[in-house]
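Next comes final_17.txt, with compact mmCIF, C-alpha atoms.
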```
# COMPACT_ATOMS: atom_id res chain seq x y z
CA MET A 30 -1.89 43.26 -14.22
CA ALA A 31 -4.26 41.04 -12.36
CA SER A 32 -2.99 38.61 -9.82
CA GLY A 33 -4.85 36.12 -7.71
CA VAL A 34 -5.09 36.17 -3.98
CA ARG A 35 -4.49 33.00 -2.04
CA PRO A 36 -7.61 32.12 -0.05
CA ASP A 37 -6.91 31.71 3.65
CA ASP A 38 -9.88 30.02 5.21
CA GLY A 39 -7.92 27.71 7.48
CA ARG A 40 -8.57 24.57 5.46
CA ARG A 41 -5.77 22.21 4.47
CA ALA A 42 -5.32 19.81 1.63
CA GLU A 43 -6.81 16.41 2.22
CA GLY A 44 -5.68 13.15 0.70
CA ALA A 45 -2.48 11.18 0.75
CA THR A 46 -0.36 13.33 3.03
CA ALA A 47 2.28 11.23 4.74
CA ALA A 48 3.51 12.05 8.20
CA PRO A 49 7.15 13.12 8.19
CA THR A 50 9.65 10.37 8.87
CA GLY A 51 12.37 12.58 10.31
CA SER A 52 12.61 14.67 13.44
CA CYS A 53 12.53 18.45 13.26
CA PRO A 54 16.17 19.57 13.13
CA PRO A 55 16.74 23.20 14.09
CA VAL A 56 17.21 25.42 11.05
CA GLU A 57 18.79 28.83 11.49
CA GLY A 58 16.33 31.64 10.88
CA VAL A 59 13.28 29.39 10.69
CA THR A 60 10.49 29.20 13.24
CA ASP A 61 6.94 28.27 12.37
CA GLY A 62 5.41 28.11 8.91
CA VAL A 63 7.56 28.13 5.79
CA GLN A 64 10.78 30.00 5.33
CA ASP A 65 10.52 32.52 2.49
CA ALA A 66 14.18 32.04 1.62
CA SER A 67 14.52 33.98 -1.60
CA PRO A 68 13.08 36.90 -3.57
CA GLY A 69 11.89 34.39 -6.16
CA THR A 70 9.81 32.35 -3.76
CA ARG A 71 6.60 34.36 -4.12
CA GLY A 72 7.08 35.25 -7.75
CA LEU A 73 6.41 38.99 -7.86
CA GLN A 74 7.76 39.79 -4.41
CA GLY A 75 11.41 40.29 -3.64
CA ASP A 76 14.34 42.66 -3.37
CA ALA A 77 17.70 43.10 -5.03
CA ALA A 78 19.21 39.88 -3.68
CA ARG A 79 20.72 37.57 -6.27
CA ALA A 80 18.92 34.34 -7.02
CA VAL A 81 20.64 31.09 -6.06
CA VAL A 82 20.47 28.21 -8.54
CA ALA A 83 22.07 24.91 -7.53
CA LEU A 84 23.13 22.63 -10.38
CA ALA A 85 24.62 19.14 -10.11
CA ARG A 86 25.64 16.43 -12.52
CA CYS A 87 23.51 13.28 -12.64
CA SER A 88 24.22 10.81 -15.42
CA GLY A 89 21.18 8.57 -15.05
CA TYR A 90 18.25 7.50 -12.91
CA ASP A 91 19.96 5.05 -10.58
CA ARG A 92 18.23 5.52 -7.22
CA LEU A 93 21.34 6.29 -5.18
CA ALA A 94 22.69 8.69 -7.79
CA VAL A 95 19.39 10.54 -8.02
CA GLU A 96 19.03 10.77 -4.24
CA ALA A 97 22.54 12.19 -3.97
CA ALA A 98 21.99 14.77 -6.72
CA VAL A 99 18.56 15.84 -5.45
CA SER A 100 19.84 16.17 -1.89
CA ALA A 101 22.85 18.17 -3.06
CA VAL A 102 20.88 20.71 -5.08
CA LEU A 103 18.05 21.15 -2.58
CA ASP A 104 20.53 21.61 0.25
CA ALA A 105 22.57 24.13 -1.74
CA SER A 106 19.51 26.02 -3.02
CA GLY A 107 18.81 27.48 0.40
CA TRP A 108 15.20 26.26 0.49
CA ARG A 109 14.25 25.41 4.06
CA PRO A 110 10.60 24.44 4.49
CA ALA A 111 9.78 24.52 8.17
CA CYS A 112 9.26 21.35 10.16
CA GLY A 113 5.58 20.43 10.10
CA ALA A 114 4.89 22.46 6.96
CA ARG A 115 2.50 21.02 4.38
CA VAL A 116 4.28 20.88 1.04
CA LEU A 117 2.68 19.90 -2.26
CA VAL A 118 5.14 18.13 -4.55
CA LYS A 119 3.92 18.89 -8.08
CA PRO A 120 5.48 16.64 -10.76
CA ASN A 121 4.57 16.78 -14.43
CA LEU A 122 2.23 13.84 -15.06
CA LEU A 123 1.08 14.95 -18.49
CA ARG A 124 -0.07 11.54 -19.67
CA PHE A 125 1.17 8.00 -20.06
CA GLN A 126 3.35 7.30 -23.08
CA PRO A 127 5.77 4.39 -23.52
CA GLY A 128 9.14 5.35 -22.10
CA GLY A 129 7.65 7.91 -19.72
CA LEU A 130 9.57 10.80 -21.27
CA CYS A 131 6.66 13.25 -21.10
CA CYS A 132 6.49 12.91 -17.29
CA THR A 133 8.93 13.71 -14.51
CA HIS A 134 10.98 10.60 -13.74
CA PRO A 135 9.59 8.71 -10.70
CA GLU A 136 12.99 8.49 -9.03
CA VAL A 137 13.34 12.28 -9.01
CA VAL A 138 9.90 12.70 -7.42
CA ARG A 139 10.67 10.00 -4.87
CA ALA A 140 14.02 11.56 -3.94
CA ALA A 141 12.37 14.94 -3.40
CA CYS A 142 9.82 13.34 -1.05
CA VAL A 143 12.57 11.53 0.87
CA TRP A 144 14.43 14.83 1.34
CA LEU A 145 11.29 16.58 2.57
CA GLN A 146 10.17 13.83 4.93
CA ALA A 147 13.62 13.72 6.52
CA ARG A 148 13.11 17.37 7.45
CA GLY A 149 9.80 16.78 9.20
CA VAL A 150 7.63 18.03 6.34
CA HIS A 151 4.12 16.70 5.61
CA VAL A 152 4.22 15.76 1.92
CA THR A 153 1.42 15.53 -0.61
CA VAL A 154 2.09 14.56 -4.25
CA GLY A 155 -0.43 15.58 -6.87
CA ASP A 156 -1.18 16.77 -10.40
CA SER A 157 -4.10 17.30 -12.76
CA PRO A 158 -2.98 15.58 -15.98
CA ALA A 159 -4.03 16.66 -19.43
CA PHE A 160 -5.34 13.15 -20.11
CA GLY A 161 -6.37 10.52 -17.60
CA THR A 162 -6.14 10.79 -13.83
CA ALA A 163 -3.11 11.54 -11.71
CA GLN A 164 -3.47 8.16 -10.02
CA GLY A 165 -3.73 6.35 -13.35
CA VAL A 166 -0.70 8.05 -14.89
CA ALA A 167 1.32 7.53 -11.70
CA ALA A 168 0.52 3.81 -11.70
CA ARG A 169 1.48 3.33 -15.34
CA ILE A 170 4.82 5.17 -15.16
CA GLY A 171 5.92 3.48 -11.91
CA LEU A 172 5.53 6.51 -9.64
CA ALA A 173 2.87 4.87 -7.46
CA ASP A 174 5.20 1.95 -6.70
CA ALA A 175 8.12 4.30 -6.01
CA LEU A 176 6.13 6.32 -3.47
CA ALA A 177 4.27 3.51 -1.70
CA PRO A 178 7.14 2.62 0.71
CA LEU A 179 7.16 6.28 1.80
CA GLY A 180 3.48 6.11 2.75
CA LEU A 181 2.52 8.35 -0.16
CA ALA A 182 -0.01 8.03 -2.95
CA VAL A 183 -0.56 10.52 -5.77
CA ILE A 184 -3.74 12.59 -5.59
CA GLN A 185 -5.77 14.41 -8.22
CA LEU A 186 -5.51 18.19 -7.94
CA ASP A 187 -9.23 18.80 -7.80
CA GLY A 188 -11.49 20.99 -5.67
CA PRO A 189 -11.33 24.17 -7.75
CA ARG A 190 -11.37 27.60 -6.18
CA GLN A 191 -11.66 30.69 -8.30
CA VAL A 192 -8.51 32.78 -8.66
CA GLU A 193 -8.48 36.15 -10.40
CA VAL A 194 -6.40 36.39 -13.58
CA ALA A 195 -6.12 38.79 -16.49
CA ASP A 196 -8.51 38.06 -19.34
CA GLY A 197 -6.16 39.26 -22.08
CA GLY A 198 -8.37 42.18 -23.00
CA GLY A 199 -7.52 44.60 -20.23
CA GLY A 200 -9.98 43.16 -17.73
CA THR A 201 -10.02 40.25 -15.33
CA THR A 202 -11.65 36.86 -15.11
CA THR A 203 -11.26 33.82 -12.86
CA ILE A 204 -9.93 30.29 -13.23
CA GLY A 205 -10.37 27.24 -11.01
CA VAL A 206 -7.15 26.35 -9.16
CA SER A 207 -7.00 23.28 -6.95
CA ARG A 208 -7.55 23.77 -3.23
CA HIS A 209 -4.71 21.29 -2.63
CA ALA A 210 -2.32 23.82 -4.17
CA LEU A 211 -3.85 26.93 -2.62
CA ASP A 212 -4.02 25.41 0.87
CA ALA A 213 -0.43 24.14 0.93
CA ASP A 214 2.15 26.03 2.95
CA ALA A 215 4.55 25.66 0.03
CA ILE A 216 4.81 23.96 -3.35
CA LEU A 217 7.78 22.17 -4.89
CA SER A 218 7.46 22.23 -8.68
CA VAL A 219 9.23 19.15 -10.08
CA PRO A 220 9.14 19.29 -13.90
CA ARG A 221 11.13 17.56 -16.60
CA LEU A 222 12.81 20.01 -18.98
CA LYS A 223 10.98 19.64 -22.30
CA ALA A 224 10.65 21.23 -25.70
CA HIS A 225 7.12 22.46 -26.31
CA CYS A 226 5.37 22.97 -29.63
CA GLN A 227 3.44 26.00 -28.32
CA MET A 228 5.81 27.57 -25.76
CA ARG A 229 9.14 26.39 -27.30
CA VAL A 230 10.43 25.02 -23.99
CA THR A 231 8.82 24.49 -20.57
CA CYS A 232 10.10 23.86 -17.09
CA ALA A 233 9.19 24.83 -13.50
CA VAL A 234 6.83 27.79 -14.01
CA LYS A 235 4.72 26.23 -16.77
CA ASN A 236 4.45 23.07 -14.66
CA LEU A 237 2.32 25.10 -12.23
CA PHE A 238 -0.40 25.36 -14.88
CA GLY A 239 -1.18 21.79 -13.78
CA CYS A 240 -2.61 23.25 -10.55
CA VAL A 241 -5.61 24.32 -12.65
CA CYS A 242 -8.28 21.68 -12.28
CA GLY A 243 -9.14 19.26 -15.08
CA VAL A 244 -10.89 20.52 -18.17
CA ARG A 245 -10.37 24.14 -17.14
CA LYS A 246 -6.88 23.94 -18.65
CA ALA A 247 -8.30 23.15 -22.08
CA LEU A 248 -10.82 25.96 -21.71
CA ALA A 249 -8.02 28.34 -20.75
CA HIS A 250 -6.23 27.48 -23.99
CA THR A 251 -9.40 28.54 -25.81
CA THR A 252 -9.92 31.80 -23.90
CA HIS A 253 -6.27 32.91 -23.54
CA GLY A 254 -4.49 31.13 -26.38
CA ALA A 255 -4.85 33.59 -29.25
CA ASP A 256 -1.56 35.21 -28.21
CA THR A 257 1.41 33.50 -26.55
CA GLN A 258 2.04 36.59 -24.39
CA VAL A 259 -1.54 36.52 -23.12
CA PHE A 260 -1.27 32.82 -22.33
CA GLY A 261 2.09 33.41 -20.67
CA GLY A 262 0.43 36.13 -18.62
CA LEU A 263 -2.21 33.65 -17.50
CA VAL A 264 0.47 31.24 -16.29
CA ALA A 265 2.28 34.10 -14.54
CA ASP A 266 -0.93 35.15 -12.78
CA ILE A 267 -1.50 31.59 -11.55
CA PHE A 268 2.10 31.46 -10.30
CA ALA A 269 1.63 34.72 -8.39
CA ALA A 270 -1.57 33.42 -6.74
CA LEU A 271 0.04 30.31 -5.30
CA PRO A 272 1.79 29.84 -1.94
CA PRO A 273 5.61 30.07 -1.98
CA VAL A 274 7.00 27.90 -4.78
CA ALA A 275 10.44 26.31 -5.00
CA ALA A 276 11.61 24.19 -7.92
CA LEU A 277 13.53 21.00 -8.64
CA CYS A 278 14.21 20.28 -12.31
CA ASP A 279 14.69 16.83 -13.84
CA ALA A 280 17.00 17.61 -16.74
CA VAL A 281 18.87 14.32 -16.59
CA THR A 282 17.17 13.09 -19.75
CA CYS A 283 15.12 15.86 -21.33
CA MET A 284 12.62 15.85 -24.19
CA HIS A 285 13.62 17.78 -27.30
CA VAL A 286 12.60 18.26 -30.97
CA THR A 287 8.94 18.62 -29.96
CA GLY A 288 6.75 18.37 -26.89
CA PRO A 289 5.14 18.33 -24.42
CA ALA A 290 4.68 14.74 -25.66
CA GLY A 291 6.05 12.76 -28.57
CA GLY A 292 9.53 14.25 -28.47
CA GLU A 293 12.92 12.56 -28.41
CA PRO A 294 15.32 12.01 -25.48
CA PHE A 295 18.25 14.35 -24.93
CA ASP A 296 20.79 13.40 -22.25
CA LEU A 297 21.79 16.59 -20.44
CA GLY A 298 22.76 15.02 -17.12
CA LEU A 299 21.59 17.99 -15.05
CA MET A 300 19.69 18.22 -11.78
CA GLY A 301 18.79 21.72 -10.66
CA ALA A 302 17.01 23.44 -7.79
CA SER A 303 16.15 26.97 -6.69
CA VAL A 304 13.72 28.79 -4.46
CA SER A 305 12.97 30.83 -7.59
CA PRO A 306 11.26 28.78 -10.32
CA ALA A 307 11.78 31.68 -12.73
CA ALA A 308 15.52 31.62 -12.06
CA LEU A 309 15.78 27.86 -12.56
CA ASP A 310 13.84 28.14 -15.83
CA ALA A 311 16.10 30.93 -17.05
CA VAL A 312 19.25 28.93 -16.31
CA CYS A 313 17.92 25.76 -17.96
CA CYS A 314 16.98 27.75 -21.07
CA SER A 315 20.40 29.36 -21.20
CA VAL A 316 22.14 25.97 -20.87
CA ILE A 317 20.41 24.80 -24.06
CA GLY A 318 21.29 28.02 -25.88
CA LEU A 319 18.04 29.98 -25.70
CA ASP A 320 17.28 33.56 -24.70
CA PRO A 321 14.06 35.32 -23.55
CA SER A 322 13.24 36.63 -27.02
CA VAL A 323 12.42 33.10 -28.24
CA VAL A 324 10.82 31.65 -25.07
CA PRO A 325 7.39 33.32 -24.61
CA LEU A 326 6.93 32.52 -20.92
CA TRP A 327 10.50 33.53 -19.99
CA GLY A 328 10.02 36.77 -21.91
CA GLU A 329 6.73 37.45 -20.11
CA MET A 330 8.33 36.83 -16.72
CA ARG A 331 11.08 39.32 -17.55
CA ARG A 332 8.57 41.86 -18.86
CA ARG A 333 6.70 41.73 -15.55
CA GLY A 334 9.87 42.13 -13.54
CA PHE A 335 9.88 38.73 -11.87
CA PRO A 336 13.14 38.37 -9.95
CA GLY A 337 15.65 35.78 -11.06
CA THR A 338 15.20 35.89 -14.83
CA ASP A 339 18.76 36.90 -15.80
CA PRO A 340 21.28 34.00 -15.67
CA ALA A 341 24.12 36.53 -15.41
CA ASP A 342 22.73 37.83 -12.12
CA MET A 343 22.68 34.58 -10.16
CA ASP A 344 24.84 32.66 -7.74
CA TYR A 345 25.81 29.05 -8.44
CA PRO A 346 26.93 27.29 -5.23
CA LEU A 347 27.67 24.00 -7.03
CA GLU A 348 28.24 23.65 -10.79
CA GLY A 349 27.87 26.57 -13.16
CA PRO A 350 25.84 26.46 -16.39
CA SER A 351 29.03 26.02 -18.45
CA ALA A 352 29.52 22.56 -16.90
CA PHE A 353 26.65 21.22 -19.02
CA ASP A 354 26.62 20.75 -22.77
CA GLY A 355 23.23 21.69 -24.21
CA ARG A 356 24.43 21.83 -27.80
CA GLY A 357 22.21 19.78 -30.03
CA PHE A 358 19.06 20.38 -27.99
CA VAL A 359 16.44 21.04 -30.68
CA VAL A 360 13.38 23.21 -30.02
CA PRO A 361 10.46 23.87 -32.38
CA GLY A 362 11.26 26.62 -34.85
CA VAL A 363 7.68 27.69 -35.60
CA LEU A 364 5.32 27.54 -32.65
CA LYS A 365 1.83 26.14 -32.99
CA ASP A 366 -1.18 28.20 -31.99
CA VAL A 367 -1.74 27.99 -28.23
CA SER A 368 -5.49 28.42 -28.64
CA PHE A 369 -7.88 25.52 -29.04
CA ALA A 370 -10.45 26.06 -31.80
CA PRO A 371 -13.92 24.63 -30.99
CA GLY A 372 -13.20 21.40 -32.89
CA VAL A 373 -9.82 20.97 -31.19
CA LEU A 374 -11.39 21.68 -27.82
CA LEU A 375 -14.11 19.08 -28.42
CA ARG A 376 -11.56 16.45 -29.44
CA SER A 377 -9.49 17.29 -26.38
CA LEU A 378 -12.50 16.88 -24.11
CA CYS A 379 -13.39 13.53 -25.69
CA ARG A 380 -9.82 12.27 -25.31
CA ARG A 381 -9.80 13.43 -21.70
CA VAL A 382 -12.98 11.50 -20.94
CA LEU A 383 -11.70 8.33 -22.62
CA SER A 384 -8.34 8.60 -20.83
CA SER A 385 -10.09 9.05 -17.49
CA LEU A 386 -12.21 5.97 -18.08
CA ARG A 387 -9.04 3.98 -18.71
CA GLY A 388 -7.49 5.34 -15.53
```
Turn this file's structure into structure tokens for me.
Amino acid sequence: MASGVRPDDGRRAEGATAAPTGSCPPVEGVTDGVQDASPGTRGLQGDAARAVVALARCSGYDRLAVEAAVSAVLDASGWRPACGARVLVKPNLLRFQPGGLCCTHPEVVRAACVWLQARGVHVTVGDSPAFGTAQGVAARIGLADALAPLGLAVIQLDGPRQVEVADGGGGTTTIGVSRHALDADAILSVPRLKAHCQMRVTCAVKNLFGCVCGVRKALAHTTHGADTQVFGGLVADIFAALPPVAALCDAVTCMHVTGPAGGEPFDLGLMGASVSPAALDAVCCSVIGLDPSVVPLWGEMRRRGFPGTDPADMDYPLEGPSAFDGRGFVVPGVLKDVSFAPGVLLRSLCRRVLSSLRG
């Protein structure tokens, strides 16, 4: 299995990084840098410790309710980024659609940034959307306005650096991952739980595919998409190449029936966090009644031995999975081909250009 190596040339992400608003409270066991608090934090590294997944009820997107739920799950998850650390908050800004269901809700992203800034963390918020620019999508869904009072503006995850990944044929190749992601001390993946027409359901790990710059994502669908396991392996390789990743899941109102766009709302009322994105994904999938055999990326993570992929082998400091009713969450029965044929790729590129011109 090929895995990328994080470049370490001393450079840091540039752009809209806001100075922390809080002091640096002492945190037990943390000195400089970023605390590697769990075996799931670096994906393939870890020991026999049980993953911790914090789940809380959140019935809607009222600001105070979201702040309370986000603070509760992040506190209980055990994630402790060090004071002064540079953390990339990575929401899902797929594209603009009326209702905003295909993107992470702005209030969840804002609450995560508030929590981080209060702990003396330097925060950057960014994505590389499938269509349009990160700034354009953020403005249209209300995220730009939500972040402005915090001194934050969304950046485009550009500046590709080549990371080694498996090519699906037994060899290796490279893919361009944003320097803003590779140069961060840590990443907080903040997805919305969604059905997906190619991967059945996606959450925190798949959200990291957005660290791949621009059109390279569409090209990756063409080169790695003939087999869902191969494509899942690509995503797993990207995950393993990144700095430590924690996860915060917006599953208050999910997207079901289809996705990653054009689906229907499903009110689950769940906010979740973990230092292991794989563990959080596994729990969210189990809440809606799925198992690894029908979720290609979850199955690939288990095949590779990523820690935190068995919901029965986790600790739940707040609510347990049984507190949430995922019955009625519909996922695609027959998955579409992950690969982009030449005509599909060309249409995708044209749509990307037009969306970028519109902002």
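CA of Leu186 in chain A to CA of Cys232 in chain A spans 19.0 Å [interatomic distance, one decimal].
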Using only C-alpha atoms, the residue out of A:Ala141, A:Pro272, A:Gly128, A:Ala111 with shortest distance to Ala97 in chain A is A:Ala141
Do you have, as JSON lines, the list of residues of range 116-145 of chain A lying at most 8 Å from range 158-179 of chain A, each with its nearest atom pair and that distance in Å to one decimal, counting all atoms listed in the file and ordered by chain then number?
```
{"residue": "A:Asn121", "atom": "CA", "partner": "A:Pro158", "partner_atom": "CA", "distance": 7.8}
{"residue": "A:Leu122", "atom": "CA", "partner": "A:Pro158", "partner_atom": "CA", "distance": 5.6}
{"residue": "A:Leu123", "atom": "CA", "partner": "A:Pro158", "partner_atom": "CA", "distance": 4.8}
{"residue": "A:Arg124", "atom": "CA", "partner": "A:Phe160", "partner_atom": "CA", "distance": 5.5}
{"residue": "A:Phe125", "atom": "CA", "partner": "A:Val166", "partner_atom": "CA", "distance": 5.5}
{"residue": "A:Gly129", "atom": "CA", "partner": "A:Ile170", "partner_atom": "CA", "distance": 6.0}
{"residue": "A:His134", "atom": "CA", "partner": "A:Leu172", "partner_atom": "CA", "distance": 8.0}
{"residue": "A:Pro135", "atom": "CA", "partner": "A:Leu172", "partner_atom": "CA", "distance": 4.7}
{"residue": "A:Glu136", "atom": "CA", "partner": "A:Ala175", "partner_atom": "CA", "distance": 7.1}
{"residue": "A:Val138", "atom": "CA", "partner": "A:Leu172", "partner_atom": "CA", "distance": 7.9}
{"residue": "A:Arg139", "atom": "CA", "partner": "A:Leu176", "partner_atom": "CA", "distance": 6.0}
{"residue": "A:Val143", "atom": "CA", "partner": "A:Leu179", "partner_atom": "CA", "distance": 7.6}
```
Counting all atoms listed in the file, which residue out of A:Ala311, A:Leu181, A:Leu130, A:Leu117 sits closest to Asp342 in chain A? A:Ala311
note - CA of Val116 in chain A and CA of Gly328 in chain A are separated by 28.5 Å
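You will find CA of Phe295 in chain A at 27.1 Å from CA of Val183 in chain A.
Considering all atoms listed in the file, the residue among A:Asp320, A:Ser303, A:Ser315, A:Ala341 positioned nearest to Arg356 in chain A is A:Ser315.
Minimum distance to Gly199 in chain A across A:Cys283, A:Gly262, A:Cys53, A:Ala78 (counting all atoms listed in the file) occurs at A:Gly262.
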Pick out the closest residue to Pro306 in chain A from this set: A:Val81, A:Gly180, A:Cys242, A:Gln146. Count only C-alpha atoms. A:Val81
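For the residues A:Pro321, A:Pro273, A:Gly362, A:Gly239, ranking by smallest atom-to-atom distance to Thr287 in chain A using only C-alpha atoms places A:Gly362 first.
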Excluding Arg92 in chain A and any residue of its chain fewer than 3 positions from it, enumerate the residues within 9 Å of it, using only C-alpha atoms, and give them as a ChimeraX atom specification. /A:89,95-97,136-137,140
Axis-aligned box for range 149-168 of chain A, 8 Å per side, centre and edges in Å as JSON:
```
{"center_x": 1.7, "center_y": 10.9, "center_z": -5.5, "size_x": 32.2, "size_y": 30.2, "size_z": 45.3}
```
